[in-house]
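Shown next: my_file.pdb, containing PDB, C-alpha atoms.
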```pdb
ATOM      1  CA  MET A  96    -141.048 -23.788  16.143
ATOM      2  CA  SER A  97    -143.245 -21.705  13.890
ATOM      3  CA  ASN A  98    -145.817 -19.284  15.225
ATOM      4  CA  LEU A  99    -148.281 -20.472  12.577
ATOM      5  CA  SER A 100    -151.314 -22.427  13.693
ATOM      6  CA  VAL A 101    -153.675 -24.537  11.611
ATOM      7  CA  LEU A 102    -157.048 -26.061  12.434
ATOM      8  CA  LEU A 103    -157.971 -29.149  10.400
ATOM      9  CA  VAL A 104    -161.706 -29.864  10.214
ATOM     10  CA  ASP A 105    -163.699 -32.886   9.066
ATOM     11  CA  PRO A 106    -167.320 -31.673   8.965
ATOM     12  CA  PHE A 107    -168.828 -35.052   8.045
ATOM     13  CA  TYR A 108    -171.090 -36.526  10.670
ATOM     14  CA  ASN A 109    -169.530 -39.642  12.184
ATOM     15  CA  PRO A 110    -171.590 -41.640  14.706
ATOM     16  CA  LYS A 111    -168.289 -42.962  16.158
ATOM     17  CA  MET A 112    -168.592 -46.096  14.053
ATOM     18  CA  VAL A 113    -165.476 -45.235  12.049
ATOM     19  CA  PRO A 114    -162.077 -43.812  12.989
ATOM     20  CA  PRO A 115    -161.480 -40.067  12.731
ATOM     21  CA  HIS A 116    -160.401 -38.688   9.356
ATOM     22  CA  TRP A 117    -157.081 -40.371   8.558
ATOM     23  CA  SER A 118    -155.801 -38.018   5.846
ATOM     24  CA  LEU A 119    -156.165 -35.073   8.225
ATOM     25  CA  GLY A 120    -153.868 -37.027  10.537
ATOM     26  CA  ILE A 121    -151.336 -37.299   7.721
ATOM     27  CA  ILE A 122    -151.561 -33.554   7.088
ATOM     28  CA  GLU A 123    -151.225 -32.886  10.825
ATOM     29  CA  ASN A 124    -148.093 -35.043  10.954
ATOM     30  CA  LYS A 125    -146.490 -33.144   8.067
ATOM     31  CA  LEU A 126    -147.367 -29.776   9.586
ATOM     32  CA  ASN A 127    -146.069 -30.805  13.015
ATOM     33  CA  LYS A 128    -142.782 -31.940  11.449
ATOM     34  CA  ALA A 129    -142.529 -28.457   9.910
ATOM     35  CA  GLY A 130    -143.006 -26.949  13.382
ATOM     36  CA  ILE A 131    -146.552 -25.703  12.760
ATOM     37  CA  ASN A 132    -149.078 -25.967  15.582
ATOM     38  CA  THR A 133    -152.114 -28.010  14.537
ATOM     39  CA  LYS A 134    -155.385 -29.249  15.932
ATOM     40  CA  ILE A 135    -157.910 -31.645  14.342
ATOM     41  CA  VAL A 136    -161.637 -31.636  14.985
ATOM     42  CA  ASP A 137    -164.112 -34.175  13.582
ATOM     43  CA  PHE A 138    -167.911 -34.119  13.773
ATOM     44  CA  ILE A 139    -168.098 -37.275  15.907
ATOM     45  CA  ASP A 140    -171.316 -37.591  17.883
ATOM     46  CA  GLU A 141    -172.836 -40.973  18.640
ATOM     47  CA  THR A 142    -175.711 -39.360  20.544
ATOM     48  CA  CYS A 143    -177.439 -38.463  17.251
ATOM     49  CA  GLU A 144    -178.196 -42.066  16.341
ATOM     50  CA  GLY A 145    -181.927 -42.758  16.444
ATOM     51  CA  LYS A 146    -182.795 -39.126  17.192
ATOM     52  CA  ASP A 147    -184.907 -36.745  15.112
ATOM     53  CA  ILE A 148    -183.588 -34.058  12.773
ATOM     54  CA  ALA A 149    -184.078 -31.280  15.349
ATOM     55  CA  TYR A 150    -181.713 -33.081  17.740
ATOM     56  CA  PHE A 151    -179.169 -33.613  14.933
ATOM     57  CA  GLN A 152    -179.314 -29.925  13.976
ATOM     58  CA  LYS A 153    -178.764 -28.948  17.614
ATOM     59  CA  GLN A 154    -175.678 -31.184  17.762
ATOM     60  CA  GLU A 155    -174.498 -29.842  14.409
ATOM     61  CA  ASN A 156    -174.703 -26.293  15.796
ATOM     62  CA  ILE A 157    -172.710 -27.382  18.857
ATOM     63  CA  PHE A 158    -170.045 -28.837  16.538
ATOM     64  CA  ILE A 159    -169.905 -25.601  14.547
ATOM     65  CA  GLN A 160    -169.572 -23.582  17.761
ATOM     66  CA  ASN A 161    -166.741 -25.879  18.943
ATOM     67  CA  VAL A 162    -164.944 -25.374  15.625
ATOM     68  CA  CYS A 163    -165.378 -21.603  15.949
ATOM     69  CA  ASP A 164    -163.996 -21.661  19.492
ATOM     70  CA  LEU A 165    -160.907 -23.483  18.209
ATOM     71  CA  ALA A 166    -160.610 -21.179  15.176
ATOM     72  CA  LYS A 167    -160.524 -17.912  17.132
ATOM     73  CA  ASN A 168    -156.734 -17.796  17.288
ATOM     74  CA  VAL A 169    -155.517 -19.728  14.250
ATOM     75  CA  ASP A 170    -153.921 -18.541  11.036
ATOM     76  CA  TYR A 171    -155.433 -21.181   8.744
ATOM     77  CA  VAL A 172    -158.431 -23.488   8.748
ATOM     78  CA  TYR A 173    -158.433 -26.448   6.375
ATOM     79  CA  ILE A 174    -161.857 -28.042   5.873
ATOM     80  CA  THR A 175    -162.062 -31.319   4.013
ATOM     81  CA  SER A 176    -165.024 -32.058   1.795
ATOM     82  CA  SER A 177    -164.201 -35.751   1.512
ATOM     83  CA  PHE A 178    -167.039 -38.165   1.078
ATOM     84  CA  GLY A 179    -165.231 -40.556   3.398
ATOM     85  CA  ILE A 180    -167.031 -43.885   3.613
ATOM     86  CA  PRO A 181    -170.645 -44.919   2.915
ATOM     87  CA  LEU A 182    -171.639 -44.087   6.490
ATOM     88  CA  LYS A 183    -170.931 -40.441   5.684
ATOM     89  CA  GLN A 184    -173.609 -39.847   3.070
ATOM     90  CA  LYS A 185    -175.050 -36.508   4.193
ATOM     91  CA  PRO A 186    -174.230 -33.653   1.825
ATOM     92  CA  VAL A 187    -171.370 -31.790   3.442
ATOM     93  CA  PHE A 188    -170.787 -28.724   1.277
ATOM     94  CA  PRO A 189    -173.559 -26.670   2.944
ATOM     95  CA  ARG A 190    -171.891 -27.404   6.301
ATOM     96  CA  VAL A 191    -168.509 -26.357   4.854
ATOM     97  CA  ILE A 192    -170.024 -23.010   3.838
ATOM     98  CA  LYS A 193    -171.758 -22.584   7.202
ATOM     99  CA  LEU A 194    -168.483 -23.322   9.002
ATOM    100  CA  SER A 195    -166.633 -20.834   6.795
ATOM    101  CA  GLU A 196    -169.224 -18.156   7.491
ATOM    102  CA  GLU A 197    -169.114 -18.670  11.265
ATOM    103  CA  ILE A 198    -165.297 -18.876  11.371
ATOM    104  CA  LYS A 199    -164.985 -15.556   9.509
ATOM    105  CA  LYS A 200    -167.266 -13.970  12.141
ATOM    106  CA  VAL A 201    -164.963 -14.960  15.026
ATOM    107  CA  ASN A 202    -161.646 -14.693  13.155
ATOM    108  CA  PRO A 203    -161.849 -12.588   9.983
ATOM    109  CA  ALA A 204    -158.074 -12.882   9.504
ATOM    110  CA  ALA A 205    -158.095 -16.689   9.319
ATOM    111  CA  LYS A 206    -157.444 -18.061   5.864
ATOM    112  CA  ILE A 207    -159.945 -20.799   5.007
ATOM    113  CA  ILE A 208    -158.808 -23.574   2.696
ATOM    114  CA  VAL A 209    -161.157 -26.272   1.386
ATOM    115  CA  GLY A 210    -160.170 -29.497  -0.345
ATOM    116  CA  GLY A 211    -161.263 -33.095  -0.534
ATOM    117  CA  SER A 212    -163.501 -35.294  -2.634
ATOM    118  CA  THR A 213    -166.432 -32.958  -3.246
ATOM    119  CA  VAL A 214    -164.138 -30.223  -4.537
ATOM    120  CA  ASN A 215    -162.108 -32.713  -6.583
ATOM    121  CA  TYR A 216    -165.202 -34.345  -8.082
ATOM    122  CA  ALA A 217    -166.639 -30.965  -9.058
ATOM    123  CA  ASN A 218    -163.334 -30.006 -10.670
ATOM    124  CA  ARG A 219    -162.487 -33.245 -12.475
ATOM    125  CA  MET A 220    -165.915 -34.503 -13.474
ATOM    126  CA  LEU A 221    -167.908 -31.290 -13.840
ATOM    127  CA  GLY A 222    -165.183 -28.818 -14.787
ATOM    128  CA  ILE A 223    -166.004 -26.521 -11.864
ATOM    129  CA  ASN A 224    -162.981 -24.686 -10.507
ATOM    130  CA  SER A 225    -164.688 -21.809  -8.708
ATOM    131  CA  PHE A 226    -167.274 -21.939  -5.966
ATOM    132  CA  LYS A 227    -167.426 -18.180  -5.340
ATOM    133  CA  GLU A 228    -171.140 -18.054  -6.220
ATOM    134  CA  VAL A 229    -171.811 -20.654  -3.526
ATOM    135  CA  ASP A 230    -169.339 -19.642  -0.824
ATOM    136  CA  ARG A 231    -169.817 -15.866  -1.292
ATOM    137  CA  GLY A 232    -166.057 -15.333  -1.103
ATOM    138  CA  LEU A 233    -165.703 -16.886   2.360
ATOM    139  CA  VAL A 234    -163.190 -19.524   1.254
ATOM    140  CA  ASP A 235    -159.733 -18.156   0.509
ATOM    141  CA  LYS A 236    -158.396 -21.150  -1.444
ATOM    142  CA  TYR A 237    -159.557 -24.462  -2.839
ATOM    143  CA  ILE A 238    -157.154 -27.352  -3.196
ATOM    144  CA  PHE A 239    -157.714 -29.566  -6.210
ATOM    145  CA  GLY A 240    -155.966 -32.914  -6.026
ATOM    146  CA  ASP A 241    -154.878 -35.232  -3.254
ATOM    147  CA  GLU A 242    -155.166 -33.389   0.058
ATOM    148  CA  THR A 243    -152.495 -35.591   1.648
ATOM    149  CA  SER A 244    -149.900 -34.117  -0.719
ATOM    150  CA  LEU A 245    -149.980 -30.732   1.045
TER     151      LEU A 245
END
```
Encoded form using structure tokens:
Amino acid sequence: MSNLSVLLVDPFYNPKMVPPHWSLGIIENKLNKAGINTKIVDFIDETCEGKDIAYFQKQENIFIQNVCDLAKNVDYVYITSSFGIPLKQKPVFPRVIKLSEEIKKVNPAAKIIVGGSTVNYANRMLGINSFKEVDRGLVDKYIFGDETSL
């Protein structure tokens, strides 16, 4: 068993109307088979439905704090930027950056990796292969391509 530990994060808001992020489950399975300790956390919160933006932001901050609590003792954090399904339409990249910033505060040694649809779209369709101006150097690596092929 490896001493490595990885936290897999889906930052898209899910009102519990859809299953948790399936490709993170595939990644978790591959990592577990390699003897790497993993944990998945999704932003699932059905209490936000029908509430105002202030309530949503409060719940979002709770999610970010939960992620940070889990990230305190991990070696790597993978955050997906997948668009998911039509129910997940909120822009997610600002939340990815906020998560990265807060994770680095509690665990500066953690390597943060970001992949998924937003990153792939920016790379393939817009020719963007660096987000350093946006993420201020918080993200250690971006994965371009199919995240389930890790």
Selection result for the PyMOL selection byres ((chain A and resi 193) around 12) on this file, as an mmCIF file with C-alpha atoms, in the frame of the given file:
```
data_model
loop_
_atom_site.group_PDB
_atom_site.id
_atom_site.type_symbol
_atom_site.label_atom_id
_atom_site.label_comp_id
_atom_site.auth_asym_id
_atom_site.auth_seq_id
_atom_site.Cartn_x
_atom_site.Cartn_y
_atom_site.Cartn_z
ATOM 1 C CA PRO A 106 -167.320 -31.673 8.965
ATOM 2 C CA GLU A 155 -174.498 -29.842 14.409
ATOM 3 C CA ASN A 156 -174.703 -26.293 15.796
ATOM 4 C CA PHE A 158 -170.045 -28.837 16.538
ATOM 5 C CA ILE A 159 -169.905 -25.601 14.547
ATOM 6 C CA GLN A 160 -169.572 -23.582 17.761
ATOM 7 C CA VAL A 162 -164.944 -25.374 15.625
ATOM 8 C CA CYS A 163 -165.378 -21.603 15.949
ATOM 9 C CA ILE A 174 -161.857 -28.042 5.873
ATOM 10 C CA VAL A 187 -171.370 -31.790 3.442
ATOM 11 C CA PHE A 188 -170.787 -28.724 1.277
ATOM 12 C CA PRO A 189 -173.559 -26.670 2.944
ATOM 13 C CA ARG A 190 -171.891 -27.404 6.301
ATOM 14 C CA VAL A 191 -168.509 -26.357 4.854
ATOM 15 C CA ILE A 192 -170.024 -23.010 3.838
ATOM 16 C CA LEU A 194 -168.483 -23.322 9.002
ATOM 17 C CA SER A 195 -166.633 -20.834 6.795
ATOM 18 C CA GLU A 196 -169.224 -18.156 7.491
ATOM 19 C CA GLU A 197 -169.114 -18.670 11.265
ATOM 20 C CA ILE A 198 -165.297 -18.876 11.371
ATOM 21 C CA LYS A 199 -164.985 -15.556 9.509
ATOM 22 C CA LYS A 200 -167.266 -13.970 12.141
ATOM 23 C CA VAL A 229 -171.811 -20.654 -3.526
ATOM 24 C CA ASP A 230 -169.339 -19.642 -0.824
ATOM 25 C CA ARG A 231 -169.817 -15.866 -1.292
ATOM 26 C CA LEU A 233 -165.703 -16.886 2.360
ATOM 27 C CA VAL A 234 -163.190 -19.524 1.254
#
```
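Here atom CA of Lys236 of chain A and atom CA of Pro114 of chain A stand 27.1 Å from one another.
From atom CA of Lys167 of chain A back to atom CA of Ile121 of chain A, the distance works out to 23.4 Å.
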* To do: Output the residue selection produced by the PyMOL selection byres ((chain A and resi 140) around 10) on the file above, formatted as number ranges by chain.
  => A: 108-112, 137-139, 141-144, 151, 154-155, 158
* Asked: How would you write, as a PyMOL selection string, the residues chosen by the PyMOL selection byres ((chain A and resi 122) around 12) on this structure?
  -> chain A and resi 101-104+116-121+123-129+131-135+173-175+241-245
Write out as JSON an axis-aligned box for segment 156-162 of chain A: all of its atoms listed in the file, 5 Å added on each side, centre and edge lengths in Å with one decimal.
```
{"center_x": -169.8, "center_y": -26.2, "center_z": 16.7, "size_x": 19.8, "size_y": 15.3, "size_z": 14.4}
```
* Asked: Which residue out of A:Val201, A:Asn168, A:Ile157, A:Val136 has the minimum interatomic distance to Phe107 of chain A when all atoms listed in the file are used?
  ->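 Looking only at the distances to Phe107 of chain A, the closest residue turns out to be A:Val136.
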* To do: Tell me, as a list in words, which residues lie within 7 Å of Lys206 of chain A, counting all atoms listed in the file; anything in the same chain fewer than 5 positions away does not count.
  =>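 In the requested format, the answer is Asp170, Tyr171, Val172 and Asp235 of chain A.
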* To do: Have a look at atom CA of Ser176 of chain A and atom CA of Asp147 of chain A and let me know their distance in Å, one decimal.
  => 24.4 Å
